[in-house]
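Chemist: Next comes the structure file data14.cif, holding mmCIF, C-alpha atoms.
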```cif
data_final
#
loop_
_atom_site.group_PDB
_atom_site.id
_atom_site.type_symbol
_atom_site.label_atom_id
_atom_site.label_comp_id
_atom_site.auth_asym_id
_atom_site.auth_seq_id
_atom_site.Cartn_x
_atom_site.Cartn_y
_atom_site.Cartn_z
ATOM 1 C CA MET A 1196 8.429 13.476 -12.780
ATOM 2 C CA GLN A 1197 5.857 12.443 -15.325
ATOM 3 C CA THR A 1198 2.967 14.818 -15.875
ATOM 4 C CA ARG A 1199 0.415 14.548 -18.664
ATOM 5 C CA SER A 1200 -2.892 16.091 -19.470
ATOM 6 C CA PRO A 1201 -5.731 14.526 -17.431
ATOM 7 C CA THR A 1202 -7.378 13.615 -20.746
ATOM 8 C CA THR A 1203 -4.589 11.089 -21.475
ATOM 9 C CA MET A 1204 -4.737 9.076 -18.259
ATOM 10 C CA GLU A 1205 -3.368 5.570 -18.185
ATOM 11 C CA ILE A 1206 -4.053 2.771 -15.727
ATOM 12 C CA GLY A 1207 -1.722 3.248 -12.770
ATOM 13 C CA ASP A 1208 -1.467 7.043 -13.002
ATOM 14 C CA MET A 1209 -1.385 8.747 -9.613
ATOM 15 C CA ILE A 1210 -3.947 11.540 -9.370
ATOM 16 C CA GLU A 1211 -3.150 14.428 -7.017
ATOM 17 C CA ILE A 1212 -6.284 16.294 -5.929
ATOM 18 C CA ASN A 1213 -5.879 19.716 -4.335
ATOM 19 C CA ARG A 1214 -8.156 19.961 -1.308
ATOM 20 C CA GLY A 1215 -6.768 23.256 0.002
ATOM 21 C CA GLN A 1216 -5.027 22.325 3.270
ATOM 22 C CA TYR A 1217 -3.766 19.035 1.904
ATOM 23 C CA LYS A 1218 -3.577 16.882 -1.226
ATOM 24 C CA HIS A 1219 -5.727 13.783 -1.627
ATOM 25 C CA TRP A 1220 -4.418 10.963 -3.827
ATOM 26 C CA ALA A 1221 -6.164 8.363 -5.965
ATOM 27 C CA LEU A 1222 -4.976 5.916 -8.632
ATOM 28 C CA TYR A 1223 -6.527 5.778 -12.092
ATOM 29 C CA ILE A 1224 -7.768 2.273 -12.952
ATOM 30 C CA GLY A 1225 -9.455 2.899 -16.296
ATOM 31 C CA HIS A 1226 -12.908 3.729 -17.655
ATOM 32 C CA GLY A 1227 -13.006 7.004 -15.690
ATOM 33 C CA ASN A 1228 -12.576 5.219 -12.329
ATOM 34 C CA VAL A 1229 -10.049 5.581 -9.524
ATOM 35 C CA ILE A 1230 -9.212 3.606 -6.412
ATOM 36 C CA GLN A 1231 -8.568 5.488 -3.196
ATOM 37 C CA LEU A 1232 -8.163 5.113 0.556
ATOM 38 C CA VAL A 1233 -10.714 7.126 2.535
ATOM 39 C CA THR A 1234 -11.748 7.534 6.143
ATOM 40 C CA PRO A 1235 -15.377 7.905 7.238
ATOM 41 C CA ASP A 1236 -16.917 11.340 7.232
ATOM 42 C CA GLY A 1237 -19.021 12.825 9.988
ATOM 43 C CA PRO A 1238 -19.736 11.431 13.476
ATOM 44 C CA SER A 1239 -18.974 7.827 12.484
ATOM 45 C CA LYS A 1240 -15.281 8.667 12.052
ATOM 46 C CA VAL A 1241 -14.839 8.672 15.839
ATOM 47 C CA ALA A 1242 -15.387 4.910 15.908
ATOM 48 C CA PHE A 1243 -12.712 4.473 13.240
ATOM 49 C CA CYS A 1244 -9.969 6.520 14.958
ATOM 50 C CA SER A 1245 -7.903 6.140 18.100
ATOM 51 C CA PHE A 1246 -5.274 8.309 19.786
ATOM 52 C CA SER A 1247 -2.101 6.876 21.303
ATOM 53 C CA SER A 1248 -0.699 9.058 24.069
ATOM 54 C CA SER A 1249 2.521 7.014 24.162
ATOM 55 C CA SER A 1250 3.366 7.528 20.476
ATOM 56 C CA GLY A 1251 1.424 10.744 19.943
ATOM 57 C CA SER A 1252 -0.271 9.396 16.840
ATOM 58 C CA VAL A 1253 -3.837 9.228 15.681
ATOM 59 C CA ALA A 1254 -4.695 5.960 13.927
ATOM 60 C CA CYS A 1255 -7.818 5.341 11.926
ATOM 61 C CA LYS A 1256 -9.288 2.643 9.766
ATOM 62 C CA GLY A 1257 -9.656 3.514 6.113
ATOM 63 C CA THR A 1258 -11.766 1.954 3.417
ATOM 64 C CA ILE A 1259 -10.527 1.258 -0.087
ATOM 65 C CA THR A 1260 -13.137 2.458 -2.547
ATOM 66 C CA ILE A 1261 -13.540 2.612 -6.301
ATOM 67 C CA GLU A 1262 -15.392 5.630 -7.618
ATOM 68 C CA THR A 1263 -15.462 7.803 -10.697
ATOM 69 C CA LEU A 1264 -12.711 10.385 -10.959
ATOM 70 C CA GLN A 1265 -15.389 13.057 -11.285
ATOM 71 C CA ASP A 1266 -17.005 12.056 -7.967
ATOM 72 C CA VAL A 1267 -13.658 11.879 -6.150
ATOM 73 C CA THR A 1268 -12.409 15.253 -7.403
ATOM 74 C CA ALA A 1269 -15.760 16.899 -6.618
ATOM 75 C CA GLY A 1270 -14.804 19.995 -8.607
ATOM 76 C CA ASN A 1271 -11.382 20.355 -6.953
ATOM 77 C CA PRO A 1272 -8.342 20.874 -9.201
ATOM 78 C CA TYR A 1273 -6.378 17.710 -9.957
ATOM 79 C CA LYS A 1274 -3.473 16.486 -12.042
ATOM 80 C CA ILE A 1275 -1.582 13.357 -12.956
ATOM 81 C CA ASN A 1276 1.512 13.325 -10.741
ATOM 82 C CA ASN A 1277 3.708 10.238 -11.055
ATOM 83 C CA TYR A 1278 6.430 12.068 -9.147
ATOM 84 C CA LEU A 1279 8.417 8.960 -8.217
ATOM 85 C CA ASP A 1280 8.879 7.634 -11.779
ATOM 86 C CA ASP A 1281 12.495 8.845 -11.801
ATOM 87 C CA GLU A 1282 13.190 6.944 -8.572
ATOM 88 C CA TYR A 1283 11.121 3.757 -8.969
ATOM 89 C CA LYS A 1284 9.895 1.712 -11.896
ATOM 90 C CA PRO A 1285 6.092 1.564 -12.120
ATOM 91 C CA ARG A 1286 4.661 -1.924 -11.773
ATOM 92 C CA ARG A 1287 2.978 -3.622 -14.704
ATOM 93 C CA THR A 1288 -0.689 -2.847 -15.256
ATOM 94 C CA ASP A 1289 -1.737 -6.475 -14.636
ATOM 95 C CA VAL A 1290 0.049 -6.462 -11.258
ATOM 96 C CA ILE A 1291 -1.594 -3.168 -10.269
ATOM 97 C CA MET A 1292 -5.029 -4.387 -11.326
ATOM 98 C CA GLY A 1293 -4.501 -7.692 -9.496
ATOM 99 C CA ASP A 1294 -3.926 -5.731 -6.281
ATOM 100 C CA VAL A 1295 -6.915 -3.503 -7.055
ATOM 101 C CA ASP A 1296 -9.127 -6.589 -7.326
ATOM 102 C CA LYS A 1297 -7.790 -7.990 -4.032
ATOM 103 C CA MET A 1298 -8.065 -4.700 -2.113
ATOM 104 C CA ARG A 1299 -11.371 -3.190 -3.268
ATOM 105 C CA GLY A 1300 -13.812 -2.764 -0.414
ATOM 106 C CA SER A 1301 -11.233 -3.678 2.220
ATOM 107 C CA THR A 1302 -10.786 -1.845 5.500
ATOM 108 C CA ILE A 1303 -7.152 -1.233 6.449
ATOM 109 C CA LYS A 1304 -5.143 0.786 8.957
ATOM 110 C CA TYR A 1305 -5.005 4.504 8.155
ATOM 111 C CA ASP A 1306 -2.482 6.845 9.724
ATOM 112 C CA VAL A 1307 -2.032 10.343 8.354
ATOM 113 C CA LEU A 1308 1.761 10.179 8.702
ATOM 114 C CA GLY A 1309 2.428 6.506 8.003
ATOM 115 C CA ARG A 1310 -0.379 4.920 5.961
ATOM 116 C CA ASN A 1311 -2.331 7.625 4.184
ATOM 117 C CA CYS A 1312 -3.903 7.889 0.733
ATOM 118 C CA GLU A 1313 -0.577 8.888 -0.842
ATOM 119 C CA HIS A 1314 1.194 5.876 0.709
ATOM 120 C CA PHE A 1315 -1.618 3.720 -0.669
ATOM 121 C CA VAL A 1316 -1.375 4.898 -4.297
ATOM 122 C CA THR A 1317 2.444 4.870 -4.363
ATOM 123 C CA PHE A 1318 2.302 1.278 -3.135
ATOM 124 C CA LEU A 1319 -0.094 0.347 -5.927
ATOM 125 C CA ARG A 1320 1.984 2.087 -8.627
ATOM 126 C CA TYR A 1321 5.515 1.230 -7.449
ATOM 127 C CA GLY A 1322 5.207 -1.492 -4.812
ATOM 128 C CA LYS A 1323 6.667 1.007 -2.292
ATOM 129 C CA SER A 1324 4.750 3.200 0.151
ATOM 130 C CA LYS A 1325 5.874 6.832 0.132
ATOM 131 C CA SER A 1326 4.257 10.140 1.052
ATOM 132 C CA GLN A 1327 6.051 13.367 0.247
ATOM 133 C CA GLN A 1328 3.235 15.249 1.978
ATOM 134 C CA ALA A 1329 3.787 13.361 5.261
ATOM 135 C CA ASP A 1330 7.587 13.638 4.939
ATOM 136 C CA ASP A 1331 7.313 17.405 4.394
ATOM 137 C CA PHE A 1332 5.024 17.748 7.407
ATOM 138 C CA LEU A 1333 7.425 15.831 9.661
ATOM 139 C CA ASN A 1334 10.433 17.788 8.381
ATOM 140 C CA ASN A 1335 8.644 21.071 9.086
ATOM 141 C CA VAL A 1336 7.834 19.945 12.635
ATOM 142 C CA LEU A 1337 11.413 18.795 13.257
ATOM 143 C CA THR A 1338 12.984 21.974 11.905
ATOM 144 C CA ALA A 1339 10.642 24.136 13.971
ATOM 145 C CA GLY A 1340 12.420 22.784 17.050
ATOM 146 C CA THR A 1341 10.386 24.825 19.517
ATOM 147 C CA ALA A 1342 7.026 23.278 18.732
ATOM 148 C CA GLY A 1343 7.406 20.813 21.590
ATOM 149 C CA VAL A 1344 5.418 17.656 22.117
ATOM 150 C CA LEU A 1345 2.131 19.486 22.667
ATOM 151 C CA GLY A 1346 2.575 21.443 19.430
ATOM 152 C CA VAL A 1347 3.320 18.273 17.491
ATOM 153 C CA LEU A 1348 0.285 16.495 18.932
ATOM 154 C CA THR A 1349 -1.940 19.477 18.179
ATOM 155 C CA ALA A 1350 -0.646 19.735 14.609
ATOM 156 C CA VAL A 1351 -1.033 16.003 13.905
ATOM 157 C CA THR A 1352 -4.533 15.967 15.381
ATOM 158 C CA ALA A 1353 -5.579 19.011 13.346
ATOM 159 C CA PHE A 1354 -4.041 17.590 10.166
ATOM 160 C CA THR A 1355 -5.768 14.239 10.728
ATOM 161 C CA ALA A 1356 -9.107 15.883 11.468
ATOM 162 C CA ALA A 1357 -8.908 18.021 8.320
ATOM 163 C CA ALA A 1358 -7.985 15.025 6.192
ATOM 164 C CA ALA A 1359 -10.547 12.700 7.751
ATOM 165 C CA SER A 1360 -13.369 15.196 7.432
ATOM 166 C CA THR A 1361 -12.924 15.715 3.703
ATOM 167 C CA LEU A 1362 -11.317 12.548 2.309
ATOM 168 C CA SER A 1363 -14.600 10.978 1.391
ATOM 169 C CA LYS A 1364 -16.013 14.072 -0.305
#
```
Starting from the file, give its structure as structure tokens.

Modeler:
Amino acid sequence: MQTRSPTTMEIGDMIEINRGQYKHWALYIGHGNVIQLVTPDGPSKVAFCSFSSSSGSVACKGTITIETLQDVTAGNPYKINNYLDDEYKPRRTDVIMGDVDKMRGSTIKYDVLGRNCEHFVTFLRYGKSKSQQADDFLNNVLTAGTAGVLGVLTAVTAFTAAAASTLSK
């Protein structure tokens, strides 16, 4: 795992932002800016989310935004966390920035367990979508065993609501 001081950020560094109940992720793209995947905040988020009773998942649309690191962190603690560097080779800066240029301002599918902000930044850095946070959540649900379908649905809905309500802060 590669960790460096936030003052020595390089293009393509994954930024982990501690938001209490969960971690938000952004990717450093230079000049104090990051790219991130966010969902709408407030009442408008209802129009961007749907619930599937057959799969038990909540799916939303997310927007890819570029903002300053300072605005995205909003005073929350953060660190560079390129935790997959030992497993995958980071893509070249020009490839990352080419994708940044193509994706900025786009609206894409957002799913807290399958296509979240961590999946988004790992894809940009490595060309592979991964989310340790989502994997850990699913493993905890599976090992609980007694949670049942209702417990899983409640947990996913609560996790999605918490993430959706604060991602754009």

Chemist: So, counting all atoms listed in the file, which residue among A:Ala1221, A:Ile1212, A:Gln1327, A:Phe1318 is closest to Tyr1278 of chain A?

Modeler: A:Gln1327

Chemist: List, as a PyMOL selection string, every residue that the PyMOL selection byres ((chain A and resi 1305) around 7) selects in the file provided.

Modeler: chain A and resi 1254-1257+1303-1304+1306-1307+1310-1311

Chemist: When you count all atoms listed in the file, which of these residues is closest to Thr1288 of chain A: A:Gly1300, A:Gly1309, A:Gly1270, A:Gly1225?

Modeler: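 Smallest separation from Thr1288 of chain A among the options: A:Gly1225.
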
Chemist: Using all atoms listed in the file, can you tell me which of A:Thr1260, A:Ile1224, A:Phe1332, A:Thr1317 comes closest to Asp1289 of chain A?

Modeler: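 Of A:Thr1260, A:Ile1224, A:Phe1332, A:Thr1317, the one nearest Asp1289 of chain A, counting all atoms listed in the file, is A:Ile1224.
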
Chemist: Between atom CA of Gly1207 of chain A and atom CA of Ile1230 of chain A, what is the distance in Å, rounded to a tenth?

Modeler: 9.8 Å

Chemist: Give as a PyMOL selection string each residue that has an atom at most 12 Å from (-13.1, 15.3, -8.6) in the file, counting all atoms listed in the file.

Modeler: chain A and resi 1201+1210-1214+1219-1221+1227-1229+1262-1274+1362-1364

Chemist: Could you work out how far atom CA of Tyr1217 of chain A lies from atom CA of Ser1248 of chain A, giving the answer in Å with one decimal?

Modeler: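 Distance between the two atoms: 24.5 Å.
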
Chemist: Could you tell me how far atom CA of Gly1293 of chain A lies from atom CA of Ser1324 of chain A, in Å and to one decimal?

Modeler: 17.2 Å

Chemist: Measuring between all atoms listed in the file, which one of A:Thr1258, A:Gln1216, A:Ser1326, A:Thr1302 shows the shortest distance to Leu1279 of chain A?

Modeler: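 Ranking A:Thr1258, A:Gln1216, A:Ser1326, A:Thr1302 by distance to Leu1279 of chain A, first place goes to A:Ser1326.
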